[in-house]
Structure formats: structure tokens, C-alpha cells
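J.: If it helps, the file is called protein06.csv and holds CSV, C-alpha atoms:
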```
chain,number,residue,atom,x,y,z
A,30,MET,CA,68.0,110.4,75.4
A,31,PHE,CA,65.2,108.4,77.1
A,32,TRP,CA,64.1,106.2,74.2
A,33,ARG,CA,60.4,107.1,74.9
A,34,LYS,CA,59.2,106.2,71.3
A,35,GLN,CA,61.2,103.0,71.4
A,36,ARG,CA,59.8,102.0,74.7
A,37,ARG,CA,56.2,102.6,73.4
A,38,ALA,CA,57.1,100.5,70.3
A,39,LEU,CA,58.5,97.8,72.6
A,40,GLU,CA,55.3,97.7,74.6
A,41,ARG,CA,53.2,97.1,71.4
A,42,LEU,CA,55.2,93.9,70.6
A,43,HIS,CA,54.1,90.4,71.3
A,44,PRO,CA,54.5,89.6,75.1
A,45,LEU,CA,57.0,86.8,74.4
A,46,HIS,CA,58.9,89.0,72.0
A,47,ARG,CA,59.2,91.7,74.7
A,48,GLN,CA,60.3,89.1,77.2
A,49,LEU,CA,63.0,87.9,74.8
A,50,VAL,CA,64.3,91.5,74.3
A,51,GLU,CA,64.3,92.3,78.0
A,52,GLU,CA,65.4,89.0,79.5
A,53,GLN,CA,67.0,87.2,76.5
A,54,ARG,CA,64.8,84.2,77.3
A,55,PHE,CA,61.2,83.0,77.4
A,56,SER,CA,59.2,79.9,78.2
A,57,ALA,CA,55.7,79.2,77.0
A,58,THR,CA,53.3,76.5,75.8
A,59,LEU,CA,50.8,77.7,73.2
A,60,PRO,CA,48.6,76.1,70.5
A,61,SER,CA,50.7,75.6,67.4
A,62,ALA,CA,48.9,78.3,65.4
A,63,ASP,CA,49.4,81.0,68.1
A,64,TRP,CA,53.2,80.9,67.6
A,65,THR,CA,52.7,82.5,64.2
A,66,ALA,CA,51.8,85.8,65.9
A,67,LEU,CA,55.2,85.7,67.8
A,68,VAL,CA,57.1,84.9,64.5
A,69,ALA,CA,55.3,87.8,62.8
A,70,SER,CA,56.2,90.1,65.7
A,71,LEU,CA,59.8,89.0,65.6
A,72,ALA,CA,59.9,89.7,61.9
A,73,THR,CA,59.2,93.4,62.5
A,74,HIS,CA,61.9,93.8,65.1
A,75,GLU,CA,64.5,95.4,62.8
A,76,GLN,CA,62.0,98.0,61.5
A,77,VAL,CA,60.5,98.9,64.9
A,78,ILE,CA,63.4,98.7,67.4
A,79,SER,CA,66.7,100.4,66.8
A,80,ARG,CA,68.0,100.7,70.4
A,81,PRO,CA,71.2,98.6,70.6
A,82,LYS,CA,70.4,97.5,74.1
A,83,TRP,CA,67.2,95.9,72.9
A,84,ARG,CA,68.7,93.9,70.0
A,85,LEU,CA,67.4,90.4,69.6
A,86,PRO,CA,69.7,87.5,70.5
A,87,THR,CA,71.2,86.2,67.3
A,88,ARG,CA,69.9,82.7,67.9
A,89,THR,CA,66.3,84.0,67.6
A,90,ALA,CA,66.4,84.3,63.9
A,91,SER,CA,68.9,81.6,63.2
A,92,VAL,CA,67.6,78.8,65.4
A,93,VAL,CA,64.4,79.5,67.3
A,94,VAL,CA,62.3,80.8,64.4
A,95,PRO,CA,63.3,78.0,62.0
A,96,VAL,CA,62.6,75.4,64.7
A,97,LEU,CA,59.1,76.9,65.3
A,98,ARG,CA,58.4,76.9,61.6
A,99,VAL,CA,59.4,73.3,61.1
A,100,LEU,CA,57.4,72.0,64.1
A,101,GLN,CA,54.3,74.0,63.1
A,102,GLU,CA,54.3,72.3,59.8
A,103,ASP,CA,53.9,68.9,61.5
A,104,MET,CA,51.3,69.9,64.0
A,105,GLU,CA,47.6,70.5,64.0
A,106,PRO,CA,46.8,74.2,64.6
A,107,GLY,CA,45.4,73.5,68.1
A,108,ALA,CA,48.0,71.1,69.3
A,109,PRO,CA,50.3,72.4,72.1
A,110,LEU,CA,53.8,73.4,71.3
A,111,GLY,CA,56.1,74.2,74.3
A,112,VAL,CA,59.3,76.2,73.8
A,113,THR,CA,61.8,77.2,76.5
A,114,ALA,CA,64.6,79.3,75.0
A,115,ASP,CA,67.4,80.7,77.2
A,116,LEU,CA,69.6,82.8,74.9
A,117,ARG,CA,71.7,84.6,77.6
A,118,GLY,CA,74.7,82.4,76.8
A,119,PRO,CA,76.4,79.8,78.9
A,120,LYS,CA,78.4,82.1,81.2
A,121,VAL,CA,75.7,83.0,83.6
A,122,ASP,CA,75.9,82.3,87.3
A,123,GLU,CA,73.0,79.9,87.5
A,124,LYS,CA,74.5,77.8,84.7
A,125,ARG,CA,77.8,77.4,86.4
A,126,GLY,CA,78.6,74.0,87.6
A,127,GLU,CA,81.6,72.3,89.0
A,128,ARG,CA,84.8,74.3,89.6
A,129,ARG,CA,88.0,72.5,90.3
A,130,GLY,CA,91.7,73.2,90.4
A,131,ILE,CA,94.1,71.7,87.8
A,132,PRO,CA,97.7,70.6,88.3
A,133,VAL,CA,100.2,73.3,87.1
A,134,ARG,CA,103.9,73.9,87.0
A,135,PRO,CA,105.9,77.1,86.9
A,136,PRO,CA,105.7,79.7,85.5
A,137,VAL,CA,101.9,79.0,86.0
A,138,LYS,CA,101.1,79.8,89.6
A,139,SER,CA,97.6,78.4,89.7
A,140,GLY,CA,94.9,77.0,87.4
A,141,GLN,CA,91.2,76.1,87.7
A,142,GLU,CA,88.6,75.0,85.3
A,143,THR,CA,84.9,75.7,85.5
A,144,PHE,CA,82.1,73.9,83.7
A,145,TYR,CA,78.9,75.6,82.5
A,146,THR,CA,75.8,73.6,81.4
A,147,ASP,CA,73.5,75.6,79.2
A,148,PRO,CA,70.3,73.9,78.0
A,149,TRP,CA,69.4,76.8,75.7
A,150,LEU,CA,66.6,75.3,73.8
A,151,VAL,CA,63.9,72.8,75.0
A,152,VAL,CA,61.0,72.0,72.8
A,153,ARG,CA,58.0,69.7,73.2
A,154,ALA,CA,55.5,69.2,70.4
A,155,GLU,CA,52.4,67.0,69.9
A,156,LEU,CA,52.6,66.0,66.2
A,157,ARG,CA,49.7,65.3,63.9
A,158,ASP,CA,50.7,61.6,63.6
A,159,GLY,CA,49.9,61.2,67.4
A,160,SER,CA,53.5,61.1,68.6
A,161,VAL,CA,55.1,63.6,71.0
A,162,LEU,CA,58.5,65.0,70.1
A,163,ASP,CA,60.9,66.4,72.7
A,164,VAL,CA,64.1,68.1,71.6
A,165,VAL,CA,66.8,69.5,74.0
A,166,VAL,CA,69.9,71.4,72.9
A,167,VAL,CA,72.5,71.6,75.6
A,168,GLU,CA,75.9,73.4,75.4
A,169,ARG,CA,78.5,72.4,77.9
A,170,VAL,CA,81.4,74.8,78.2
A,171,ARG,CA,84.8,74.2,79.9
A,172,GLU,CA,86.6,77.3,80.9
A,173,ARG,CA,90.2,77.1,82.0
A,174,ARG,CA,91.8,80.0,83.8
A,175,LEU,CA,95.6,80.0,84.4
A,176,LEU,CA,97.5,82.5,86.5
A,177,LYS,CA,101.1,83.1,85.2
A,178,ARG,CA,104.0,85.1,86.7
A,179,ASN,CA,107.0,86.1,84.7
A,180,PRO,CA,110.5,86.5,86.2
A,181,ARG,CA,109.9,90.2,86.8
A,182,GLY,CA,106.8,89.6,88.8
A,183,LYS,CA,104.3,90.6,86.2
A,184,ILE,CA,101.1,88.5,86.5
A,185,LYS,CA,98.9,87.5,83.5
A,186,ILE,CA,95.7,85.7,83.5
A,187,LYS,CA,95.0,83.4,80.5
A,188,THR,CA,91.5,82.0,79.8
A,189,LYS,CA,90.5,79.4,77.3
A,190,SER,CA,87.0,78.1,76.6
A,191,LYS,CA,85.9,74.9,74.8
A,192,ALA,CA,82.2,74.2,74.0
A,193,VAL,CA,80.5,71.0,73.2
A,194,ARG,CA,76.9,70.8,71.9
A,195,THR,CA,74.6,67.9,72.6
A,196,VAL,CA,71.3,67.5,70.8
A,197,ARG,CA,68.8,65.0,72.2
A,198,ALA,CA,65.5,64.1,70.7
A,199,THR,CA,62.8,61.8,72.1
A,200,ARG,CA,59.8,60.7,70.2
A,201,ARG,CA,57.0,58.9,72.1
A,202,LEU,CA,54.9,57.0,69.6
A,203,PRO,CA,51.2,56.3,69.9
A,204,LYS,CA,50.1,52.9,71.3
A,205,ASP,CA,50.9,49.9,69.1
A,206,ALA,CA,52.7,52.0,66.4
A,207,ARG,CA,54.8,49.9,64.1
A,208,VAL,CA,58.5,50.3,64.4
A,209,ALA,CA,61.1,49.0,61.9
A,210,ARG,CA,64.9,49.4,61.7
A,211,PRO,CA,65.6,51.7,58.7
A,212,ALA,CA,67.7,50.3,55.9
A,213,PRO,CA,70.7,52.6,55.7
A,214,PRO,CA,71.8,52.6,59.4
A,215,ALA,CA,72.4,55.9,61.2
A,216,PRO,CA,75.9,57.3,61.1
A,217,ALA,CA,78.2,56.5,63.9
A,218,TRP,CA,78.0,59.9,65.5
A,219,LEU,CA,74.2,59.5,65.9
A,220,ASP,CA,73.2,57.4,68.9
A,221,VAL,CA,69.8,55.8,68.6
A,222,ARG,CA,67.9,53.8,71.2
A,223,VAL,CA,64.5,52.1,71.1
A,224,GLN,CA,62.6,51.4,74.2
A,225,ARG,CA,59.3,49.4,74.3
A,226,LYS,CA,57.2,50.4,77.3
A,227,GLU,CA,54.9,48.0,79.1
A,228,ASN,CA,51.8,50.1,78.1
A,229,GLY,CA,52.4,49.3,74.5
A,230,ARG,CA,54.1,52.5,73.6
A,231,THR,CA,57.5,52.8,72.0
A,232,VAL,CA,59.9,55.5,72.8
A,233,LEU,CA,62.7,56.4,70.3
A,234,ARG,CA,65.7,58.4,71.4
A,235,ALA,CA,68.5,59.9,69.4
A,236,SER,CA,71.4,62.0,70.5
A,237,ALA,CA,74.5,63.5,68.9
A,238,LYS,CA,77.4,65.3,70.5
A,239,GLY,CA,79.8,67.6,68.6
A,240,PRO,CA,81.7,70.9,68.8
A,241,ALA,CA,79.5,73.9,69.3
A,242,THR,CA,80.0,75.6,66.0
A,243,ASP,CA,77.8,78.1,64.2
A,244,ASP,CA,74.0,78.3,64.6
A,245,GLN,CA,73.2,77.0,61.1
A,246,HIS,CA,75.1,73.8,62.1
A,247,ALA,CA,72.9,73.7,65.3
A,248,VAL,CA,69.7,73.7,63.2
A,249,ASP,CA,71.0,71.1,60.8
A,250,THR,CA,72.1,68.8,63.6
A,251,LEU,CA,68.8,69.3,65.4
A,252,LEU,CA,66.8,68.4,62.2
A,253,THR,CA,69.0,65.4,61.4
A,254,VAL,CA,68.8,64.0,65.0
A,255,SER,CA,65.0,64.6,65.1
A,256,GLY,CA,64.6,63.2,61.6
A,257,GLU,CA,66.3,60.0,62.5
A,258,LEU,CA,63.4,59.2,64.8
A,259,PHE,CA,61.0,59.4,61.8
A,260,ARG,CA,63.0,56.9,59.8
A,261,TRP,CA,62.0,54.2,62.3
A,262,THR,CA,58.3,54.4,61.6
A,263,PRO,CA,57.5,53.3,58.1
A,264,PRO,CA,54.8,55.3,56.3
A,265,ARG,CA,51.3,54.0,56.4
A,266,PRO,CA,50.4,52.1,53.3
A,267,PRO,CA,48.3,54.2,50.9
A,268,ALA,CA,44.6,53.7,51.0
A,269,ALA,CA,43.4,51.0,48.6
A,270,PRO,CA,41.8,52.6,45.5
A,271,PRO,CA,38.1,52.0,45.0
A,272,ARG,CA,37.4,49.0,42.8
A,273,ARG,CA,35.6,49.8,39.6
A,274,ALA,CA,32.1,48.4,39.4
A,275,ARG,CA,31.8,45.8,36.7
B,7,MET,CA,45.2,85.8,38.1
B,8,PRO,CA,45.3,82.0,37.3
B,9,PRO,CA,42.4,80.6,35.4
B,10,PRO,CA,39.8,78.7,37.6
B,11,LEU,CA,39.9,75.0,37.9
B,12,ASN,CA,37.3,72.7,36.3
B,13,GLY,CA,35.3,71.3,39.2
B,14,PRO,CA,36.4,70.7,42.9
B,15,VAL,CA,40.0,69.6,43.0
B,16,PRO,CA,42.0,69.1,46.2
B,17,CYS,CA,45.1,71.1,46.9
B,18,SER,CA,48.2,69.1,45.9
B,19,ILE,CA,50.8,70.7,48.1
B,20,LEU,CA,52.7,68.3,50.3
B,21,SER,CA,52.7,69.8,53.8
B,22,GLY,CA,54.8,68.9,56.8
B,23,PHE,CA,58.5,68.5,57.4
B,24,PHE,CA,58.9,65.0,59.0
B,25,VAL,CA,55.3,63.9,58.8
B,26,LEU,CA,54.4,64.5,55.2
B,27,ARG,CA,50.8,64.7,54.1
B,28,ARG,CA,48.8,66.0,51.2
B,29,CYS,CA,47.0,69.2,52.1
B,30,GLU,CA,43.7,68.2,50.3
B,31,ARG,CA,41.8,71.4,51.1
B,32,PRO,CA,39.7,72.5,48.2
B,33,ALA,CA,42.0,74.2,45.6
B,34,ALA,CA,41.3,77.8,44.7
B,35,GLY,CA,43.2,77.7,41.4
B,36,PRO,CA,46.3,76.4,39.7
B,37,CYS,CA,49.7,77.8,40.4
B,38,PRO,CA,50.6,80.2,37.5
B,39,SER,CA,54.1,78.7,37.4
B,40,CYS,CA,53.6,74.9,37.7
B,41,THR,CA,49.8,74.6,37.2
B,42,ARG,CA,49.3,72.4,40.3
B,43,PRO,CA,46.0,73.0,42.1
B,44,VAL,CA,46.6,75.1,45.3
B,45,CYS,CA,44.3,76.1,48.1
B,46,PRO,CA,44.2,79.8,49.4
B,47,GLU,CA,46.2,78.8,52.5
B,48,HIS,CA,49.2,77.7,50.4
B,49,PHE,CA,49.2,80.6,47.9
B,50,GLY,CA,52.1,82.8,48.8
B,51,SER,CA,52.1,86.6,48.7
B,52,ASP,CA,53.7,86.4,45.2
B,53,GLY,CA,50.7,84.4,44.0
B,54,LEU,CA,52.7,81.2,43.6
B,55,CYS,CA,52.6,77.8,45.3
B,56,PRO,CA,55.2,77.3,48.1
B,57,GLU,CA,57.3,75.0,45.9
B,58,CYS,CA,57.6,77.6,43.2
B,59,SER,CA,58.2,80.6,45.6
B,60,ARG,CA,60.6,78.7,47.9
B,61,ASN,CA,63.6,80.1,46.1
B,62,THR,CA,62.5,83.6,46.9
B,63,ALA,CA,62.1,83.0,50.7
B,64,ARG,CA,65.3,84.3,52.3
B,65,ASP,CA,64.8,83.6,55.9
B,66,ALA,CA,62.5,81.6,58.3
B,67,TYR,CA,60.2,84.6,58.8
B,68,ASP,CA,58.9,83.9,55.4
B,69,ARG,CA,56.0,81.4,55.4
B,70,THR,CA,57.3,79.5,52.4
B,71,TRP,CA,60.8,79.1,53.9
B,72,THR,CA,60.0,75.6,55.3
B,73,TYR,CA,59.3,74.1,51.8
B,74,GLY,CA,62.7,75.2,50.5
B,75,HIS,CA,64.5,74.2,53.6
B,76,ARG,CA,62.7,70.8,53.7
B,77,ARG,CA,64.1,70.0,50.2
B,78,ARG,CA,67.6,71.2,51.1
B,79,HIS,CA,67.5,69.2,54.4
B,80,TYR,CA,66.5,66.0,52.7
B,81,GLU,CA,69.1,66.5,49.9
B,82,ASN,CA,71.9,67.2,52.4
B,83,SER,CA,70.8,64.1,54.5
B,84,SER,CA,71.6,61.9,51.6
B,85,ALA,CA,75.3,62.6,52.3
B,86,VAL,CA,74.8,61.8,56.0
B,87,TYR,CA,73.2,58.4,55.3
B,88,GLY,CA,75.1,57.7,52.1
B,89,SER,CA,71.8,56.9,50.3
B,90,SER,CA,69.0,58.8,48.6
B,91,THR,CA,66.2,56.7,50.1
B,92,TYR,CA,67.1,57.2,53.8
B,93,TYR,CA,63.6,58.5,54.8
B,94,PRO,CA,60.8,56.0,54.2
B,95,ASP,CA,58.3,58.8,54.2
B,96,TYR,CA,60.1,60.9,51.6
B,97,SER,CA,61.8,60.2,48.3
B,98,SER,CA,63.9,62.5,46.3
B,99,PHE,CA,61.2,62.5,43.6
B,100,ASP,CA,57.7,63.6,44.6
B,101,GLU,CA,54.6,63.5,42.5
B,102,HIS,CA,55.3,67.0,41.2
B,103,ASP,CA,58.7,65.9,40.0
B,104,ARG,CA,57.4,62.7,38.4
B,105,ASP,CA,54.7,64.6,36.6
B,106,ALA,CA,57.4,66.4,34.6
B,107,PHE,CA,58.1,63.1,32.9
B,108,GLU,CA,54.5,62.6,31.9
B,109,PRO,CA,53.6,64.1,28.5
B,110,ASP,CA,50.0,64.8,29.5
B,111,GLY,CA,50.7,66.0,33.1
B,112,GLY,CA,50.7,62.7,34.8
B,113,ASP,CA,47.1,61.6,34.3
B,114,TRP,CA,47.5,57.9,33.7
B,115,ALA,CA,43.9,57.2,33.1
B,116,ALA,CA,43.8,59.8,30.3
B,117,ALA,CA,46.8,58.5,28.6
B,118,SER,CA,46.5,56.5,25.4
B,119,GLY,CA,48.2,53.3,24.2
B,120,ASP,CA,49.6,51.0,26.8
B,121,PHE,CA,48.4,53.0,29.8
B,122,ALA,CA,44.7,53.2,28.7
B,123,GLY,CA,42.2,52.1,31.3
B,124,GLY,CA,41.5,48.7,29.7
B,125,ASP,CA,44.9,47.1,30.3
B,126,ASP,CA,45.4,44.5,33.0
B,127,TRP,CA,48.6,45.5,34.6
B,128,ASP,CA,48.3,43.0,37.5
B,129,GLY,CA,48.0,40.1,35.1
B,130,ALA,CA,44.5,39.1,36.4
B,131,ASP,CA,42.1,38.5,33.5
B,132,GLY,CA,38.9,40.3,33.7
B,133,ASP,CA,39.9,42.3,36.7
B,134,GLY,CA,38.6,45.5,35.2
B,135,GLY,CA,42.0,47.1,34.8
B,136,GLY,CA,43.7,45.9,37.9
B,137,ASP,CA,45.6,48.4,40.0
B,138,TRP,CA,45.9,50.9,37.1
B,139,ASP,CA,42.3,51.5,36.4
B,140,SER,CA,40.6,54.9,36.1
B,141,GLY,CA,39.8,55.1,39.8
B,142,ASP,CA,43.5,55.0,40.7
B,143,ASP,CA,45.6,58.1,40.5
B,144,GLY,CA,48.5,55.8,39.8
B,145,LEU,CA,51.2,57.5,41.7
B,146,VAL,CA,52.1,56.8,45.3
B,147,ASP,CA,54.5,59.1,47.1
B,148,SER,CA,57.4,57.3,48.8
```
Would you kindly transcribe this structure into C-alpha cells?

T.:
Amino acid sequence: MFWRKQRRALERLHPLHRQLVEEQRFSATLPSADWTALVASLATHEQVISRPKWRLPTRTASVVVPVLRVLQEDMEPGAPLGVTADLRGPKVDEKRGERRGIPVRPPVKSGQETFYTDPWLVVRAELRDGSVLDVVVVERVRERRLLKRNPRGKIKIKTKSKAVRTVRATRRLPKDARVARPAPPAPAWLDVRVQRKENGRTVLRASAKGPATDDQHAVDTLLTVSGELFRWTPPRPPAAPPRRAR
Amino acid sequence: MPPPLNGPVPCSILSGFFVLRRCERPAAGPCPSCTRPVCPEHFGSDGLCPECSRNTARDAYDRTWTYGHRRRHYENSSAVYGSSTYYPDYSSFDEHDRDAFEPDGGDWAAASGDFAGGDDWDGADGDGGGDWDSGDDGLVDS
């Protein structure tokens, strides 16, 4: 079985779709409207591709596409939208960070912990209100590996992983944009910072850290963290109605 | 096929997720379900406006998914902030919702009695109707 028909079908897909299937990651900056073609191509994946090896990463449908849809809504069709998605998972060599030994006592012979840092979604969008929104989702995984030996000399390796997800959003406002502290304050788990630049621009930052649970929770957190930045800019007052001639 | 609109009317769909804005493209016709004027861009494949077809959108591949998810997100956020007015640019009632309380579809100028165009709601005598005159659509979102 050589999957010739499947390969031909794969070659007809959107280039970024193909890259996502083959490498589980992509990075591109396109006009906002051009991302619709990628979403349309991804929507056909289940009908066109059946080879298990070319399955789409689960976060494509559950996180990447919803985020694209939401940002497209707030952008002019020609405004640039940059997305870097790396859906290979955290346990990849290039994402491996510090590795260190941990103190142990018998029957554990040795133990070490390794940290992985996985910035799996990075987005930059120029919104139609003139502000620029950057969102980064990072997963940090701690993997502990213990080597145990029982009295009969049998060796067992035990591993345990714990993941923490951080969502950071930055909104750079247009010059001299009005900023006001919103009335119900942000919840304690949501850290917000306001920075006024010398050039008259204001930069709003929000971040939240929590356990890396399911993908739906990732989307909800991403939208809540990003949405917090929009509470700081009051809406423009509605245009005054034309006065009736007497 | 919905009946045509009388004269040029702008599309009344509220677009955007965080930055909300009226679409205001020329409407092609009213939504068969809610009768709001809708432009060709916002008519879904089922012939309804995004607000009416949002319940049928199952996943984000559907173009109208954003409208349903926006509403769910803002509703769920009220629990996060402990308030229903946490976003200054969005309130839990939009113009479409408030129109449901208007017996004549929300047109203040066309209403009779106390809301007729001659009344001075701002208390200024001879002001030609104040802020509620016929040139004003009366309702401001958020």
C-alpha cells in the first residue's frame, strides 16, 4: 500500500495545511482574509485524508481554527495576521530545557527532572481599531524520572509529568488612545499591567497561569486574557445625531 | 426567499469579537427568522442571519460559529468578573434583544403617545424634540 491517491489529495491541499500534516507545525503572516482559504482547506481534511499518519493535530480544530476565526472578526480583510503554531507537543528535543538531579533515598537509586518549554501558539494581529494584539500560549512541563530497585534487584523506572500553561496577551494601542481602569476589577488569577510609552502609546499586558487542562479551557483562557485588555479602552462615544432643522 | 426591503437599509449585524461594530453594508433583505436587515456577506448558507443560525454552527469551521461563541464567551465571563457589565463595549442586551420589548419593532420615532417626535425628553423647551427626535435611532449599544 503506497497511498498514491492520498498523496495526490494531500498535494492539492492548502500549502500551510500540508505543512501542518507533514510537520505538525506552521508559521506564516498573511492578510486576514487569506486565512479563510486555510480554514476551508482544513475543514475538508476528514473527507479527503484517511491515512492515520496524516491525521491533523487535535489542537488544529479545537484551538487554532477558533482563534483564527475570532481574530478575523476584529480585523480588516487586508490587515496582516501572523500565526506560529507548533503542535508537535512539548517532549521534543529542541524544547527541552534544564535537566537536573533531585535528592532521593532508598529504594530510589537516582532521580532527575527535566523541564520542557513549549510555546505552541504565537499570534500577532493588527486590529481594526488601530491596536496590535500579541498572544502567546506557552506550556511548561516538568518531567520527573525515578530509578527504583527492589530487594531482588529488579529495576523499575517511574516517570511523572506535570504541565502548566501560561497565556500572555499584549495590546499596543494607537497613539493617545484613552485608557481607563474598568469597574469590576480583573480576578486575582489574571495579572494586568499598563505601561505608558514615551511616544504617547500605551501598552496593556495581561497574563494568566494555570494547569494545562483540555484544549477548550485553553481557548476560554486565551479569550478571557485577551478580552481583559479590551475592558481598559472605553468605547468611543456614539456619533451625535443630526439636529433637526427648525 | 425573504421579501425585499423598502429603500436602502444598512445591515444591522454586529460584527467583531472584542472590537464590536455595526456592519452597515447595504442590506440585501430581512432575515426570515428575526426580520433584521442583513447584507449578502452575513447571510448564512441556511438563508438566516448569523445570530439566528448560530445555534446550528457546530464547530469553528462554520462561518457563523463566532457569533454563537461570542455570546457564550460574554455570558461565561460574567461569572469570571462577577458582573454582567464587565465589558464596556458589550452589554448583555444588544439592540436586537431590546427590539423584542418594542411593540412596533423598536422604531421610537414611529411610536405614538409619549414617544412621538414632538416630546421634549431633555427638558429644553423648543429644542425640537431634544435627543429623542426623529433623526435619532434612539438606541445606543453599550

J.: Quick check, in Å to one decimal: how far apart do atom CA of A:Val94 and atom CA of B:Arg42 lie?

T.: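 Distance between the two atoms: 28.6 Å.
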
J.: For chain B, which residue among A:Gln53, A:Asn179, A:Ser91, A:Ser61 is the nearest when counting all atoms listed in the file?

T.: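 Looking only at the distances to chain B, the closest residue turns out to be A:Ser91.
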
J.: Pick from A:Leu150, A:Leu251, A:Leu176, A:Ala72: nearest to chain B, with only C-alpha atoms counted?

T.: A:Ala72

J.: Give me the residues within 7 Å of stretch 122-124 of chain A as an mmCIF file with C-alpha atoms, in the coordinates of the input, counting only C-alpha atoms and dropping any in the same chain fewer than 6 places off.

T.:
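Everything below was put into around09.cif:
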```
data_model
loop_
_atom_site.group_PDB
_atom_site.id
_atom_site.type_symbol
_atom_site.label_atom_id
_atom_site.label_comp_id
_atom_site.auth_asym_id
_atom_site.auth_seq_id
_atom_site.Cartn_x
_atom_site.Cartn_y
_atom_site.Cartn_z
ATOM 1 C CA TYR A 145 78.900 75.600 82.500
ATOM 2 C CA THR A 146 75.800 73.600 81.400
ATOM 3 C CA ASP A 147 73.500 75.600 79.200
#
```

J.: Would you work out the distance separating atom CA of A:Leu59 from atom CA of A:Arg153, expressed in Å to one decimal?

T.: 10.8 Å

J.: Counting all atoms listed in the file, which of B:Pro16, B:Ser51, B:Glu81, B:Thr72 gets nearest to chain A?

T.: B:Thr72

J.: What's around A:Asp163 at 7 Å? Count only C-alpha atoms, leave out sequence neighbours fewer than 6 positions away in its own chain, and write the answer as a PyMOL selection string.

T.: chain A and resi 152-154+198-200

J.: Choose the residue, out of A:Trp149, A:Phe144, A:Trp261, A:Trp32, that has the smallest atom-to-atom separation from A:Ile78; count all atoms listed in the file.

T.: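 Closest residue, counting all atoms listed in the file: A:Trp32.
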
J.: Compare B:Ala66, B:Val15, B:Ala33, B:Ala85 by their minimum atom-to-atom distance to chain A, counting all atoms listed in the file, and give me the closest one.

T.: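 Among B:Ala66, B:Val15, B:Ala33, B:Ala85, it is B:Ala66 that comes nearest to chain A.
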
J.: Write out as a ChimeraX atom specification each polymer residue whose atoms come within 12 Å of A:Glu75, counting all atoms listed in the file; drop sequence neighbours fewer than 3 positions from it.

T.: /A:35,38-39,69-72,78-81,83-85,90

J.: Using all atoms listed in the file, which residues sit within 10 Å of stretch 180-193 of chain A once same-chain residues fewer than 3 positions away are excluded, as a list in words?

T.: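 Final neighbour list, sorted by chain and number: Pro119, Pro136, Val137, Lys138, Ser139, Gly140, Gln141, Glu142, Thr143, Phe144, Tyr145, Thr146, Val167, Glu168, Arg169, Val170, Arg171, Glu172, Arg173, Arg174, Leu175, Leu176, Lys177, Lys238, Gly239, Pro240, Ala241 and Thr242 of chain A.
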
J.: What separation in Å, quoted to one decimal, exists between atom CA of A:Asp115 and atom CA of A:Trp64?

T.: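 Those two atoms sit 17.1 Å apart.
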
J.: Give the answer as one residue: which of B:Pro56, B:Val25, B:Glu30, B:Gly74 has the shortest atom-to-atom distance to chain A, using only C-alpha atoms?

T.: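 Smallest distance to chain A is found for B:Val25.
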
J.: What lies within 10 Å of B:Glu57 using all atoms listed in the file, ignoring chain neighbours under 4 positions off, as JSON, numbers by chain?

T.: {"B": [19, 20, 37, 39, 40, 48, 50, 61, 70, 71, 72, 73, 74, 77, 102]}

J.: Have stretch 46-59 of chain A completed to N, CA, C and O atoms, please, and pass it along as a tab-separated table (two decimals), keeping the file's coordinate frame.

T.:
```
chain	number	residue	atom	x	y	z
A	46	HIS	N	57.88	88.27	72.69
A	46	HIS	CA	58.90	89.00	72.00
A	46	HIS	C	59.55	90.03	72.96
A	46	HIS	O	60.77	90.17	73.03
A	47	ARG	N	58.68	90.70	73.70
A	47	ARG	CA	59.20	91.70	74.70
A	47	ARG	C	60.04	91.03	75.74
A	47	ARG	O	61.09	91.54	76.10
A	48	GLN	N	59.58	89.87	76.19
A	48	GLN	CA	60.30	89.10	77.20
A	48	GLN	C	61.72	88.73	76.66
A	48	GLN	O	62.72	88.79	77.37
A	49	LEU	N	61.73	88.33	75.41
A	49	LEU	CA	63.00	87.90	74.80
A	49	LEU	C	63.95	89.10	74.68
A	49	LEU	O	65.16	88.96	74.90
A	50	VAL	N	63.41	90.28	74.39
A	50	VAL	CA	64.30	91.50	74.30
A	50	VAL	C	64.78	91.87	75.67
A	50	VAL	O	65.96	92.18	75.83
A	51	GLU	N	63.93	91.83	76.66
A	51	GLU	CA	64.30	92.30	78.00
A	51	GLU	C	65.12	91.33	78.79
A	51	GLU	O	66.01	91.69	79.54
A	52	GLU	N	64.76	90.03	78.67
A	52	GLU	CA	65.40	89.00	79.50
A	52	GLU	C	66.28	88.04	78.72
A	52	GLU	O	66.93	87.19	79.30
A	53	GLN	N	66.21	88.12	77.39
A	53	GLN	CA	67.00	87.20	76.50
A	53	GLN	C	66.50	85.74	76.69
A	53	GLN	O	67.27	84.82	76.44
A	54	ARG	N	65.29	85.55	77.17
A	54	ARG	CA	64.80	84.20	77.30
A	54	ARG	C	63.26	84.24	77.43
A	54	ARG	O	62.68	85.28	77.77
A	55	PHE	N	62.62	83.11	77.14
A	55	PHE	CA	61.20	83.00	77.40
A	55	PHE	C	60.84	81.50	77.47
A	55	PHE	O	61.62	80.63	77.07
A	56	SER	N	59.70	81.25	78.04
A	56	SER	CA	59.20	79.90	78.20
A	56	SER	C	57.69	79.92	78.06
A	56	SER	O	57.04	80.66	78.80
A	57	ALA	N	57.12	79.16	77.13
A	57	ALA	CA	55.70	79.20	77.00
A	57	ALA	C	55.20	77.92	76.25
A	57	ALA	O	55.95	77.32	75.48
A	58	THR	N	53.97	77.55	76.54
A	58	THR	CA	53.30	76.50	75.80
A	58	THR	C	52.02	77.07	75.22
A	58	THR	O	51.17	77.55	75.96
A	59	LEU	N	51.93	77.07	73.91
A	59	LEU	CA	50.80	77.70	73.20
A	59	LEU	C	50.28	76.72	72.15
A	59	LEU	O	51.04	75.85	71.69
```
